[in-house]
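Trainee: I am sharing entry.cif, which consists of mmCIF, C-alpha atoms:
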```cif
data_run
loop_
_atom_site.label_atom_id
_atom_site.label_comp_id
_atom_site.auth_asym_id
_atom_site.auth_seq_id
_atom_site.Cartn_x
_atom_site.Cartn_y
_atom_site.Cartn_z
CA MET D 1 0.00 0.00 0.00
CA GLN D 2 1.45 3.37 -1.01
CA GLU D 3 2.18 5.75 1.85
CA ARG D 4 0.15 8.94 1.68
CA LYS D 5 2.16 12.12 2.05
CA ILE D 6 1.15 15.74 2.41
CA HIS D 7 1.34 17.43 -0.96
CA PRO D 8 3.91 20.28 -0.80
CA GLY D 9 1.27 22.61 -2.22
CA TRP D 10 -0.43 22.60 1.17
CA ILE D 11 2.87 23.52 2.84
CA ALA D 12 3.28 26.41 0.38
CA ALA D 13 -0.26 27.53 1.22
CA VAL D 14 0.43 27.47 4.97
CA VAL D 15 3.66 29.48 4.57
CA THR D 16 1.81 31.99 2.38
CA PHE D 17 -1.03 32.24 4.92
CA PHE D 18 1.29 33.23 7.76
CA THR D 19 3.16 35.67 5.54
CA LEU D 20 -0.13 37.35 4.59
CA VAL D 21 -1.20 37.47 8.24
CA ALA D 22 1.98 39.38 9.02
CA THR D 23 1.54 41.63 5.96
CA ALA D 24 -1.96 42.59 7.11
CA GLY D 25 -0.48 43.57 10.44
CA PHE D 26 2.08 45.79 8.72
CA ARG D 27 -0.63 47.54 6.72
CA SER D 28 -2.90 48.07 9.74
CA ALA D 29 -0.16 49.79 11.76
CA PRO D 30 -0.69 53.33 10.34
CA THR D 31 -4.28 53.30 11.66
CA VAL D 32 -2.92 52.87 15.18
CA LEU D 33 -0.32 55.61 14.60
CA ILE D 34 -2.73 58.46 13.80
CA LEU D 35 -3.44 59.70 17.33
CA PRO D 36 0.08 59.04 18.76
CA LEU D 37 1.68 60.98 15.89
CA GLU D 38 -0.75 63.87 16.37
CA GLU D 39 0.33 64.10 19.99
CA ALA D 40 4.04 63.57 19.34
CA PHE D 41 4.55 65.98 16.42
CA GLY D 42 1.44 68.17 16.32
CA TRP D 43 0.82 67.13 12.71
CA SER D 44 -2.74 67.49 11.41
CA ARG D 45 -4.89 64.44 10.83
CA SER D 46 -4.99 65.19 7.12
CA GLN D 47 -1.17 65.20 6.95
CA ILE D 48 -1.01 61.81 8.66
CA SER D 49 -3.94 60.42 6.66
CA LEU D 50 -2.18 61.34 3.41
CA ALA D 51 0.42 58.68 4.22
CA ILE D 52 -2.38 56.12 4.61
CA SER D 53 -3.97 57.27 1.34
CA ILE D 54 -0.65 56.85 -0.51
CA ASN D 55 -0.20 53.45 1.13
CA VAL D 56 -3.66 52.23 0.05
CA LEU D 57 -3.23 53.43 -3.54
CA LEU D 58 0.25 51.96 -4.00
CA PHE D 59 -0.90 48.74 -2.33
CA GLY D 60 -3.10 48.29 -5.39
CA LEU D 61 -0.98 49.87 -8.12
CA VAL D 62 2.11 47.72 -7.51
CA ALA D 63 0.10 44.46 -7.60
CA PRO D 64 0.29 43.73 -11.37
CA PHE D 65 4.00 44.63 -11.47
CA ALA D 66 4.67 42.43 -8.43
CA ALA D 67 2.82 39.58 -10.13
CA ALA D 68 4.94 40.04 -13.26
CA LEU D 69 8.12 40.17 -11.19
CA MET D 70 7.12 36.92 -9.47
CA GLU D 71 6.74 35.25 -12.86
CA ARG D 72 10.10 36.62 -14.04
CA PHE D 73 12.35 36.42 -10.96
CA THR D 74 10.61 33.87 -8.65
CA VAL D 75 8.14 34.40 -5.85
CA ARG D 76 10.73 33.97 -3.10
CA LYS D 77 13.00 36.75 -4.37
CA VAL D 78 10.13 39.22 -4.75
CA VAL D 79 8.61 38.47 -1.34
CA MET D 80 11.96 38.57 0.48
CA THR D 81 12.80 41.90 -1.20
CA ALA D 82 9.39 43.28 -0.24
CA LEU D 83 9.88 42.19 3.37
CA ALA D 84 13.28 43.88 3.44
CA LEU D 85 11.72 47.10 2.10
CA VAL D 86 8.99 47.03 4.78
CA ALA D 87 11.57 46.35 7.49
CA ALA D 88 13.81 49.22 6.39
CA SER D 89 10.95 51.69 5.86
CA SER D 90 9.19 50.92 9.13
CA THR D 91 12.32 51.00 11.28
CA SER D 92 13.47 54.26 9.68
CA THR D 93 10.33 56.08 10.88
CA ILE D 94 11.82 56.33 14.39
CA PHE D 95 14.15 59.01 12.96
CA MET D 96 11.48 61.07 11.11
CA THR D 97 10.90 64.74 11.93
CA GLN D 98 8.74 65.99 9.01
CA PRO D 99 5.40 64.85 7.55
CA TRP D 100 7.02 64.05 4.21
CA HIS D 101 9.21 61.49 5.96
CA LEU D 102 6.00 59.67 6.96
CA TRP D 103 4.62 59.93 3.43
CA ALA D 104 7.82 58.46 1.98
CA LEU D 105 8.32 55.70 4.56
CA TRP D 106 4.83 54.50 5.54
CA GLY D 107 3.15 55.73 2.36
CA ILE D 108 5.59 54.68 -0.36
CA GLY D 109 7.96 52.22 1.34
CA VAL D 110 5.46 50.15 3.32
CA GLY D 111 2.80 50.61 0.60
CA VAL D 112 5.02 49.17 -2.16
CA GLY D 113 6.42 46.46 0.11
CA SER D 114 3.11 45.23 1.49
CA GLY D 115 1.41 45.55 -1.92
CA SER D 116 4.04 43.22 -3.37
CA MET D 117 3.02 40.54 -0.86
CA ALA D 118 -0.73 41.01 -0.91
CA LEU D 119 -3.41 39.17 -2.86
CA VAL D 120 -1.21 38.69 -5.94
CA PHE D 121 1.06 36.55 -3.74
CA ALA D 122 -1.94 34.44 -2.73
CA ALA D 123 -3.11 34.22 -6.34
CA THR D 124 0.33 33.17 -7.59
CA ILE D 125 0.67 30.38 -5.02
CA ALA D 126 -2.87 29.13 -5.65
CA ASN D 127 -2.41 29.13 -9.43
CA ARG D 128 0.97 27.41 -9.32
CA TRP D 129 0.28 24.74 -6.72
CA PHE D 130 -3.40 23.87 -7.12
CA VAL D 131 -5.74 22.66 -9.83
CA ALA D 132 -8.28 21.08 -7.49
CA ARG D 133 -9.36 22.94 -4.33
CA LYS D 134 -8.08 26.22 -5.76
CA GLY D 135 -11.15 28.14 -4.63
CA ILE D 136 -10.91 27.19 -0.98
CA VAL D 137 -7.14 27.85 -0.98
CA VAL D 138 -7.72 31.37 -2.35
CA GLY D 139 -10.48 31.86 0.23
CA ALA D 140 -8.24 30.85 3.11
CA LEU D 141 -5.33 32.98 1.89
CA THR D 142 -7.63 35.97 1.38
CA ALA D 143 -9.00 35.51 4.90
CA ALA D 144 -5.44 35.89 6.20
CA THR D 145 -5.85 39.65 5.74
CA ALA D 146 -8.67 39.83 8.28
CA THR D 147 -6.85 37.41 10.56
CA GLY D 148 -3.76 39.62 10.55
CA GLN D 149 -5.76 42.70 11.46
CA LEU D 150 -7.50 40.87 14.31
CA VAL D 151 -4.18 39.56 15.64
CA PHE D 152 -2.04 42.67 15.23
CA LEU D 153 -4.34 45.64 15.86
CA PRO D 154 -4.99 44.97 19.59
CA MET D 155 -1.29 44.20 20.14
CA LEU D 156 -0.08 47.31 18.29
CA SER D 157 -2.63 49.46 20.12
CA HIS D 158 -1.33 48.14 23.43
CA PHE D 159 2.27 48.84 22.41
CA ALA D 160 1.40 52.41 21.35
CA ILE D 161 -0.25 53.15 24.73
CA THR D 162 2.35 51.37 26.86
CA TYR D 163 5.63 52.00 25.06
CA GLY D 164 4.96 54.87 22.63
CA TRP D 165 4.56 55.05 18.86
CA LYS D 166 8.17 54.11 18.08
CA SER D 167 7.54 50.63 19.49
CA ILE D 168 5.11 50.02 16.60
CA SER D 169 7.75 50.93 14.02
CA ILE D 170 10.33 48.68 15.66
CA THR D 171 7.86 45.79 16.04
CA VAL D 172 6.79 45.91 12.38
CA GLY D 173 10.40 46.27 11.24
CA ALA D 174 11.61 43.34 13.34
CA ALA D 175 8.68 41.11 12.31
CA SER D 176 9.35 41.85 8.63
CA ALA D 177 13.03 41.01 8.97
CA LEU D 178 12.27 37.75 10.80
CA MET D 179 9.94 36.67 7.99
CA ILE D 180 12.76 36.75 5.40
CA PRO D 181 14.55 33.53 6.52
CA PHE D 182 11.14 31.91 7.04
CA ILE D 183 10.30 32.47 3.37
CA TYR D 184 13.77 31.43 2.21
CA LEU D 185 13.70 28.12 4.11
CA PHE D 186 10.11 26.96 3.73
CA LEU D 187 8.52 28.43 0.57
CA LYS D 188 9.07 26.20 -2.45
CA GLU D 189 8.84 27.94 -5.80
CA LYS D 190 6.69 25.66 -7.96
CA PRO D 191 5.76 21.96 -8.15
CA GLU D 192 7.67 21.23 -11.37
CA ALA D 193 10.89 22.26 -9.60
CA LEU D 194 10.28 19.29 -7.29
CA GLY D 195 9.38 16.98 -10.16
CA MET D 196 5.71 17.07 -9.21
CA LYS D 197 2.38 18.25 -10.55
CA PRO D 198 0.08 20.73 -8.80
CA TYR D 199 -2.45 19.29 -6.37
CA GLY D 200 -5.31 17.70 -8.31
CA ALA D 201 -3.65 18.07 -11.73
CA PRO D 202 -4.58 15.48 -14.39
CA GLU D 203 -2.00 13.12 -15.85
CA ASP D 204 -1.66 15.17 -19.06
CA TRP D 205 -1.09 18.45 -17.20
CA GLN D 206 1.66 20.66 -18.60
CA PRO D 207 3.17 23.71 -16.84
CA PRO D 208 2.25 27.06 -18.43
CA VAL D 209 4.91 28.67 -20.58
CA THR D 210 6.79 31.40 -18.69
CA SER D 211 6.94 34.74 -20.45
CA GLU D 212 10.38 36.03 -21.37
CA MET D 213 9.22 39.67 -21.29
CA PRO D 214 10.73 42.03 -18.73
CA ALA D 215 8.41 42.33 -15.73
CA GLY D 216 7.35 45.92 -16.38
CA ARG D 217 6.63 45.25 -20.04
CA LEU D 218 4.70 42.09 -19.15
CA ALA D 219 2.48 44.05 -16.75
CA ILE D 220 1.80 46.83 -19.28
CA ASP D 221 1.31 44.39 -22.17
CA THR D 222 -1.20 42.45 -20.06
CA LEU D 223 -3.13 45.63 -19.31
CA VAL D 224 -3.20 46.75 -22.96
CA LYS D 225 -4.46 43.36 -24.16
CA SER D 226 -6.88 42.88 -21.27
CA ALA D 227 -8.43 46.31 -21.75
CA LYS D 228 -9.75 45.14 -25.13
CA ASP D 229 -11.62 42.29 -23.47
CA ARG D 230 -15.17 43.01 -22.31
CA ASN D 231 -14.85 40.41 -19.55
CA PHE D 232 -11.87 42.23 -18.08
CA LEU D 233 -13.72 45.54 -18.08
CA ILE D 234 -16.63 43.98 -16.17
CA LEU D 235 -14.28 42.35 -13.66
CA PHE D 236 -12.35 45.61 -13.20
CA GLY D 237 -15.55 47.59 -12.74
CA SER D 238 -17.13 45.12 -10.32
CA PHE D 239 -13.97 44.96 -8.21
CA PHE D 240 -13.86 48.77 -8.23
CA VAL D 241 -17.31 48.63 -6.61
CA CYS D 242 -16.09 45.93 -4.22
CA GLY D 243 -13.30 48.16 -2.89
CA LEU D 244 -15.59 51.19 -2.82
CA SER D 245 -18.26 49.40 -0.77
CA THR D 246 -15.90 47.65 1.69
CA ASN D 247 -12.46 49.08 2.56
CA GLY D 248 -13.22 52.57 1.28
CA LEU D 249 -16.70 53.07 2.75
CA ILE D 250 -17.41 50.70 5.64
CA GLY D 251 -13.79 50.09 6.61
CA THR D 252 -13.05 53.82 6.77
CA HIS D 253 -16.36 55.41 7.77
CA PHE D 254 -18.39 52.88 9.75
CA ILE D 255 -17.04 54.08 13.11
CA PRO D 256 -17.67 57.82 12.48
CA ALA D 257 -21.09 56.99 10.93
CA ALA D 258 -22.07 55.03 14.03
CA HIS D 259 -20.72 57.85 16.21
CA ASP D 260 -23.00 60.30 14.33
CA HIS D 261 -25.91 58.23 15.65
CA GLY D 262 -24.67 58.49 19.23
CA MET D 263 -22.78 55.19 19.45
CA GLY D 264 -19.55 55.18 21.43
CA THR D 265 -16.33 54.87 19.47
CA THR D 266 -15.19 51.78 21.38
CA VAL D 267 -18.51 50.02 20.74
CA ALA D 268 -18.41 50.90 17.03
CA ALA D 269 -14.80 49.71 16.78
CA SER D 270 -15.79 46.42 18.41
CA LEU D 271 -18.55 45.96 15.83
CA LEU D 272 -16.05 46.59 13.04
CA ALA D 273 -13.72 44.00 14.59
CA LEU D 274 -16.67 41.58 14.60
CA VAL D 275 -17.04 42.21 10.88
CA GLY D 276 -13.46 40.97 10.56
CA VAL D 277 -14.26 37.77 12.46
CA PHE D 278 -17.10 36.88 10.11
CA ASP D 279 -15.00 37.97 7.14
CA VAL D 280 -12.65 35.04 7.82
CA ILE D 281 -15.57 32.59 7.86
CA GLY D 282 -17.25 34.09 4.80
CA THR D 283 -14.15 34.17 2.63
CA ILE D 284 -13.20 30.55 3.34
CA LEU D 285 -16.81 29.50 2.70
CA SER D 286 -16.77 31.47 -0.56
CA GLY D 287 -13.66 29.56 -1.63
CA TYR D 288 -15.42 26.27 -0.95
CA LEU D 289 -18.48 27.38 -2.94
CA THR D 290 -16.29 28.61 -5.82
CA ASP D 291 -14.94 25.06 -6.24
CA LYS D 292 -18.51 23.77 -6.65
CA TYR D 293 -20.68 26.45 -8.27
CA ASP D 294 -20.63 28.96 -11.12
CA PRO D 295 -18.47 31.91 -9.96
CA ARG D 296 -20.66 34.38 -11.89
CA LYS D 297 -23.76 33.36 -9.95
CA LEU D 298 -21.86 33.60 -6.67
CA LEU D 299 -20.78 37.16 -7.51
CA PHE D 300 -24.37 38.01 -8.45
CA PHE D 301 -25.55 37.02 -4.98
CA TYR D 302 -22.59 38.62 -3.16
CA TYR D 303 -22.98 42.03 -4.81
CA GLY D 304 -26.78 41.92 -4.77
CA LEU D 305 -27.07 41.08 -1.08
CA ARG D 306 -24.36 43.61 -0.20
CA GLY D 307 -26.31 46.30 -2.05
CA LEU D 308 -29.50 45.48 -0.15
CA SER D 309 -27.69 45.59 3.18
CA LEU D 310 -26.22 49.03 2.38
CA PHE D 311 -29.70 50.36 1.58
CA LEU D 312 -30.76 49.30 5.10
CA LEU D 313 -27.68 50.52 6.98
CA PRO D 314 -28.75 54.17 7.62
CA SER D 315 -31.93 52.93 9.33
CA ILE D 316 -30.26 50.38 11.64
CA LEU D 317 -27.56 52.56 13.25
CA PHE D 318 -28.47 53.57 16.80
CA SER D 319 -26.77 54.87 19.94
CA THR D 320 -26.71 51.30 21.28
CA ILE D 321 -26.40 47.88 19.67
CA HIS D 322 -29.77 46.64 18.41
CA PRO D 323 -30.43 43.13 17.04
CA SER D 324 -30.77 44.60 13.52
CA THR D 325 -27.31 46.16 13.84
CA LEU D 326 -25.79 42.82 14.79
CA VAL D 327 -27.55 41.13 11.87
CA PHE D 328 -25.94 43.67 9.51
CA VAL D 329 -22.49 43.19 11.06
CA ILE D 330 -22.67 39.39 10.80
CA PHE D 331 -24.09 39.39 7.29
CA TYR D 332 -21.76 42.11 5.99
CA GLY D 333 -18.77 40.39 7.53
CA LEU D 334 -19.60 37.13 5.74
CA ASP D 335 -19.84 39.08 2.46
CA TRP D 336 -16.85 41.42 3.01
CA ILE D 337 -14.28 39.95 0.61
CA ALA D 338 -16.14 36.81 -0.40
CA THR D 339 -15.88 38.24 -3.94
CA VAL D 340 -12.16 37.42 -4.20
CA PRO D 341 -12.18 33.63 -4.94
CA PRO D 342 -14.76 33.76 -7.78
CA THR D 343 -13.15 36.91 -9.23
CA LEU D 344 -9.74 35.23 -9.34
CA ILE D 345 -11.16 32.18 -11.10
CA LEU D 346 -12.82 34.41 -13.71
CA CYS D 347 -9.53 36.21 -14.42
CA ARG D 348 -8.37 33.01 -16.16
CA ILE D 349 -10.72 33.63 -19.08
CA VAL D 350 -9.18 36.98 -20.07
CA LEU D 351 -5.72 35.98 -21.33
CA GLY D 352 -5.55 32.36 -20.23
CA PRO D 353 -4.20 30.74 -17.06
CA GLN D 354 -0.56 31.72 -17.74
CA ARG D 355 -1.32 35.43 -17.23
CA SER D 356 -4.28 35.14 -14.86
CA THR D 357 -2.30 36.37 -11.86
CA VAL D 358 -1.12 39.52 -13.67
CA VAL D 359 -4.67 40.11 -14.93
CA TYR D 360 -5.91 39.75 -11.36
CA GLY D 361 -3.25 42.26 -10.31
CA TRP D 362 -4.82 44.85 -12.62
CA VAL D 363 -8.33 43.97 -11.46
CA PHE D 364 -7.10 44.49 -7.90
CA VAL D 365 -5.94 47.98 -8.91
CA GLY D 366 -9.61 48.73 -9.59
CA HIS D 367 -10.45 47.54 -6.08
CA GLN D 368 -7.98 49.92 -4.46
CA VAL D 369 -8.92 52.89 -6.67
CA GLY D 370 -12.54 52.36 -5.67
CA ALA D 371 -11.53 52.21 -2.02
CA SER D 372 -9.54 55.44 -2.30
CA ILE D 373 -12.41 57.30 -3.99
CA ALA D 374 -14.94 56.13 -1.39
CA ALA D 375 -12.68 57.02 1.52
CA LEU D 376 -12.44 60.63 0.30
CA GLY D 377 -15.86 60.93 -1.35
CA ALA D 378 -17.86 59.75 1.66
CA ALA D 379 -16.00 62.25 3.85
CA VAL D 380 -16.83 65.10 1.44
CA LEU D 381 -20.52 64.12 1.36
CA ARG D 382 -20.57 63.90 5.16
CA VAL D 383 -19.22 67.45 5.44
CA LYS D 384 -21.65 68.80 2.81
CA LEU D 385 -24.81 66.96 3.91
CA GLY D 386 -24.24 66.22 7.60
CA ASP D 387 -24.53 62.42 7.39
CA TYR D 388 -23.39 59.36 5.43
CA ALA D 389 -26.80 58.23 4.15
CA LEU D 390 -26.26 59.31 0.52
CA SER D 391 -22.84 57.60 0.46
CA PHE D 392 -24.43 54.32 1.58
CA TYR D 393 -27.22 54.63 -0.99
CA ILE D 394 -24.79 55.38 -3.86
CA ALA D 395 -22.66 52.35 -2.92
CA ALA D 396 -25.80 50.20 -2.68
CA ILE D 397 -26.95 51.16 -6.19
CA MET D 398 -23.47 50.46 -7.60
CA CYS D 399 -23.49 47.00 -5.95
CA ILE D 400 -26.85 46.17 -7.51
CA ILE D 401 -25.60 47.26 -10.96
CA SER D 402 -22.47 45.10 -10.47
CA ALA D 403 -24.60 42.10 -9.50
CA PHE D 404 -26.28 42.09 -12.91
CA ALA D 405 -23.12 43.06 -14.80
CA VAL D 406 -21.14 40.01 -13.62
CA LEU D 407 -23.75 37.69 -15.15
CA GLN D 408 -22.61 38.98 -18.56
CA ILE D 409 -19.06 37.62 -18.09
CA ALA D 410 -18.16 34.86 -20.59
CA LYS D 411 -21.75 34.56 -21.70
CA GLY D 412 -22.46 31.17 -23.22
CA LYS D 413 -19.64 29.39 -21.39
CA THR D 414 -20.36 26.78 -18.75
CA SER D 415 -18.88 26.81 -15.27
CA ALA D 416 -16.61 23.88 -16.20
CA GLU D 417 -15.27 25.76 -19.23
CA LEU D 418 -14.30 28.70 -17.03
CA ARG D 419 -12.00 26.46 -14.98
CA SER D 420 -10.36 24.63 -17.91
#
```
Show me the file's structure as structure tokens.

Mentor:
Amino acid sequence: MQERKIHPGWIAAVVTFFTLVATAGFRSAPTVLILPLEEAFGWSRSQISLAISINVLLFGLVAPFAAALMERFTVRKVVMTALALVAASSTSTIFMTQPWHLWALWGIGVGVGSGSMALVFAATIANRWFVARKGIVVGALTAATATGQLVFLPMLSHFAITYGWKSISITVGAASALMIPFIYLFLKEKPEALGMKPYGAPEDWQPPVTSEMPAGRLAIDTLVKSAKDRNFLILFGSFFVCGLSTNGLIGTHFIPAAHDHGMGTTVAASLLALVGVFDVIGTILSGYLTDKYDPRKLLFFYYGLRGLSLFLLPSILFSTIHPSTLVFVIFYGLDWIATVPPTLILCRIVLGPQRSTVVYGWVFVGHQVGASIAALGAAVLRVKLGDYALSFYIAAIMCIISAFAVLQIAKGKTSAELRS
């Protein structure tokens, strides 16, 4: 009887999961730094928030180039370089004296570094190591983002209060540096390097041909060709709405919106943390469903139900927690980034599986642009109108439109053909 062994793809997935958990912690650190830096330097909140805005934008913009670099120079080299950049940038902030130092270090340095290890890293590992169970692997790796925030935010907040803001910079820098040997020792590049096939690959499976283009040219060439494809435009637009309605709107403005209704900041923050808990469950479940059902239909339900919940949100915010508020938090958490696994699968139909990760990198740019616009736009509407209701309604309408738009992707193709 042949001895059953753990496929190394699962080991690669575990290593990637813990790396993404740490990356999420690095990205969440600036949120904890806002008030301490105001007190330490007297900088305005807008000056400090500009660093976060730069970070969020670059986190998305570098994704397709990082994906191309991974294809050209190996995943390990790109991730280790990104970790070194985060370590150097974070640690250097203990010497800053001007706002532009923060913009350069946390905005550009940590933004580029963490963006190079974000969802494109998860997508690359899933595409290289898995044919079967790819959906649930992507779901689990995507959920690592929420896990990292849940693990790191309370710890970093405690460090800021107990030891001062510099302790956050040192902690993030040290953690990044410690991850480098971890990646070097345990992350294997691809199954064919070990003389193996990806998990669940058929007997006639052949590895995709690696592009010989320089990484930058590969990323731009992928964008130019993808932009001519109607399916890509729908995926880009729907993911734009995804970022707008999650990170940009709820992630940024839920706490102040709840505070406008008389809810305490600590209570509102706890509800947002609860969203993160259910996000982990929802994203893994979405990965499981993506392996079994048509990803277009899943996206239809995700965007449609999210739109309906946003229509209801202005009427279920109170000064205290009501059952209807908890229902929204649980439901919205389950739906938070459940869109990622089916979206990644659908990226394969644009330019084929060999470029699907780079295509997804550009689709992810849309996500982050949407998040940036919502973060600023909702604040402007709040100042002009006195509340967030119109922002929630606009996002709800855009979600409903996206729900019907995604059904037009690869019209005429079956679910099985999308995965081939």

Trainee: Between region 316-354 of chain D and region 267-286 of chain D, at 10 Å or less, what are the per-residue closest atom pairs and their distances in Å? Count all atoms listed in the file, order by chain and rising residue number, and return it as JSON lines.

Mentor:
```
{"residue": "D:Ser319", "atom": "CA", "partner": "D:Val267", "partner_atom": "CA", "distance": 9.6}
{"residue": "D:Thr320", "atom": "CA", "partner": "D:Val267", "partner_atom": "CA", "distance": 8.3}
{"residue": "D:Ile321", "atom": "CA", "partner": "D:Val267", "partner_atom": "CA", "distance": 8.2}
{"residue": "D:Thr325", "atom": "CA", "partner": "D:Leu271", "partner_atom": "CA", "distance": 9.0}
{"residue": "D:Leu326", "atom": "CA", "partner": "D:Leu271", "partner_atom": "CA", "distance": 8.0}
{"residue": "D:Phe328", "atom": "CA", "partner": "D:Val275", "partner_atom": "CA", "distance": 9.1}
{"residue": "D:Val329", "atom": "CA", "partner": "D:Val275", "partner_atom": "CA", "distance": 5.5}
{"residue": "D:Ile330", "atom": "CA", "partner": "D:Phe278", "partner_atom": "CA", "distance": 6.1}
{"residue": "D:Phe331", "atom": "CA", "partner": "D:Phe278", "partner_atom": "CA", "distance": 7.9}
{"residue": "D:Tyr332", "atom": "CA", "partner": "D:Val275", "partner_atom": "CA", "distance": 6.8}
{"residue": "D:Gly333", "atom": "CA", "partner": "D:Val275", "partner_atom": "CA", "distance": 4.2}
{"residue": "D:Leu334", "atom": "CA", "partner": "D:Gly282", "partner_atom": "CA", "distance": 4.0}
{"residue": "D:Asp335", "atom": "CA", "partner": "D:Gly282", "partner_atom": "CA", "distance": 6.1}
{"residue": "D:Trp336", "atom": "CA", "partner": "D:Asp279", "partner_atom": "CA", "distance": 5.7}
{"residue": "D:Ile337", "atom": "CA", "partner": "D:Thr283", "partner_atom": "CA", "distance": 6.1}
{"residue": "D:Ala338", "atom": "CA", "partner": "D:Thr283", "partner_atom": "CA", "distance": 4.5}
{"residue": "D:Thr339", "atom": "CA", "partner": "D:Ser286", "partner_atom": "CA", "distance": 7.6}
{"residue": "D:Val340", "atom": "CA", "partner": "D:Thr283", "partner_atom": "CA", "distance": 7.8}
{"residue": "D:Pro341", "atom": "CA", "partner": "D:Ser286", "partner_atom": "CA", "distance": 6.7}
{"residue": "D:Pro342", "atom": "CA", "partner": "D:Ser286", "partner_atom": "CA", "distance": 7.8}
```

Trainee: Please determine the residues with any atom at most 6 Å from (0.4, 38.9, -13.4) (coordinates as given in the file, with all atoms listed in the file counting) and report them as an MDAnalysis selection string.

Mentor: chainID D and resid 64 67:68 355 357:359 361

Trainee: Nearest to Trp165 (chain D): which of D:Ala122, D:Leu289, D:Leu37, D:Val110 is it, counting all atoms listed in the file?

Mentor: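 So, comparing all the options, the nearest one is D:Leu37.
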
Trainee: Go through the shown structure with the PyMOL selection byres ((chain D and resi 164) around 12) and write out the matching residues as an MDAnalysis selection string.

Mentor: chainID D and resid 32:33 35:37 39:40 94 156:163 165:171

Trainee: At a cut-off of 12 Å around the point (-23.7, 33.4, -8.4) (file coordinates), what residues fall inside when counting all atoms listed in the file? I'd like the answer as an mmCIF file with C-alpha atoms, in the frame of the given file.

Mentor:
```
data_model
loop_
_atom_site.group_PDB
_atom_site.id
_atom_site.type_symbol
_atom_site.label_atom_id
_atom_site.label_comp_id
_atom_site.auth_asym_id
_atom_site.auth_seq_id
_atom_site.Cartn_x
_atom_site.Cartn_y
_atom_site.Cartn_z
ATOM 1 C CA SER D 286 -16.770 31.470 -0.560
ATOM 2 C CA LEU D 289 -18.480 27.380 -2.940
ATOM 3 C CA THR D 290 -16.290 28.610 -5.820
ATOM 4 C CA LYS D 292 -18.510 23.770 -6.650
ATOM 5 C CA TYR D 293 -20.680 26.450 -8.270
ATOM 6 C CA ASP D 294 -20.630 28.960 -11.120
ATOM 7 C CA PRO D 295 -18.470 31.910 -9.960
ATOM 8 C CA ARG D 296 -20.660 34.380 -11.890
ATOM 9 C CA LYS D 297 -23.760 33.360 -9.950
ATOM 10 C CA LEU D 298 -21.860 33.600 -6.670
ATOM 11 C CA LEU D 299 -20.780 37.160 -7.510
ATOM 12 C CA PHE D 300 -24.370 38.010 -8.450
ATOM 13 C CA PHE D 301 -25.550 37.020 -4.980
ATOM 14 C CA TYR D 302 -22.590 38.620 -3.160
ATOM 15 C CA TYR D 303 -22.980 42.030 -4.810
ATOM 16 C CA GLY D 304 -26.780 41.920 -4.770
ATOM 17 C CA LEU D 305 -27.070 41.080 -1.080
ATOM 18 C CA ALA D 338 -16.140 36.810 -0.400
ATOM 19 C CA THR D 339 -15.880 38.240 -3.940
ATOM 20 C CA PRO D 342 -14.760 33.760 -7.780
ATOM 21 C CA THR D 343 -13.150 36.910 -9.230
ATOM 22 C CA SER D 402 -22.470 45.100 -10.470
ATOM 23 C CA ALA D 403 -24.600 42.100 -9.500
ATOM 24 C CA PHE D 404 -26.280 42.090 -12.910
ATOM 25 C CA ALA D 405 -23.120 43.060 -14.800
ATOM 26 C CA VAL D 406 -21.140 40.010 -13.620
ATOM 27 C CA LEU D 407 -23.750 37.690 -15.150
ATOM 28 C CA GLN D 408 -22.610 38.980 -18.560
ATOM 29 C CA ILE D 409 -19.060 37.620 -18.090
ATOM 30 C CA SER D 415 -18.880 26.810 -15.270
#
```

Trainee: In Å, with one decimal, what is the gap from CA of Ala123 (chain D) to CA of Val86 (chain D)?

Mentor: 20.8 Å

Trainee: Taking only C-alpha atoms into account, name the residue in D:Gly113, D:Gly262, D:Gly352, D:Pro207 that is nearest to Ser176 (chain D).

Mentor: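 Closest residue, counting only C-alpha atoms: D:Gly113.
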
Trainee: Calculate how many Å separate CA of Phe130 (chain D) from CA of Lys413 (chain D), rounding to one decimal.

Mentor: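 Rounded to one decimal, the two atoms are 22.3 Å apart.
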
Trainee: Tell me, as a list in words, which residues lie within 7 Å of Tyr199 (chain D), counting all atoms listed in the file; anything in the same chain fewer than 4 positions away does not count.

Mentor: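 Neighbouring residues, sequence-local ones excluded: His7, Gly9, Trp129, Phe130, Val131 and Ala132 of chain D.
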
Trainee: Please expand the PyMOL selection byres ((chain D and resi 22) around 9) into the concrete residues it hits in this file, giving the result as an MDAnalysis selection string.

Mentor: chainID D and resid 17:21 23:27 144:145 148:149 152 172 175:176 179

Trainee: Could you write out as a PyMOL selection string the residues that the PyMOL selection byres ((chain D and resi 315) around 12) matches in the shown file?

Mentor: chain D and resi 257-258+261+309-314+316-319+322+324-325+328+388-389+392-393

Trainee: Please indicate the distance in Å from CA of Leu235 (chain D) to CA of Ile108 (chain D), rounded to one decimal place.

Mentor: 26.9 Å

Trainee: Using all atoms listed in the file, can you tell me which of D:Val369, D:Leu187, D:Leu390, D:Leu385 comes closest to Gly243 (chain D)?

Mentor: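 Among D:Val369, D:Leu187, D:Leu390, D:Leu385, it is D:Val369 that comes nearest to Gly243 (chain D).
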
Trainee: Which residues are close to region 73-76 of chain D, i.e. within 9 Å by all atoms listed in the file, leaving aside same-chain residues fewer than 6 positions away? Reply as a list in words.

Mentor: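 That gives Ala67, Phe121, Thr124, Ile125, Ile183, Tyr184, Leu187, Lys188, Glu189 and Ala215 of chain D.
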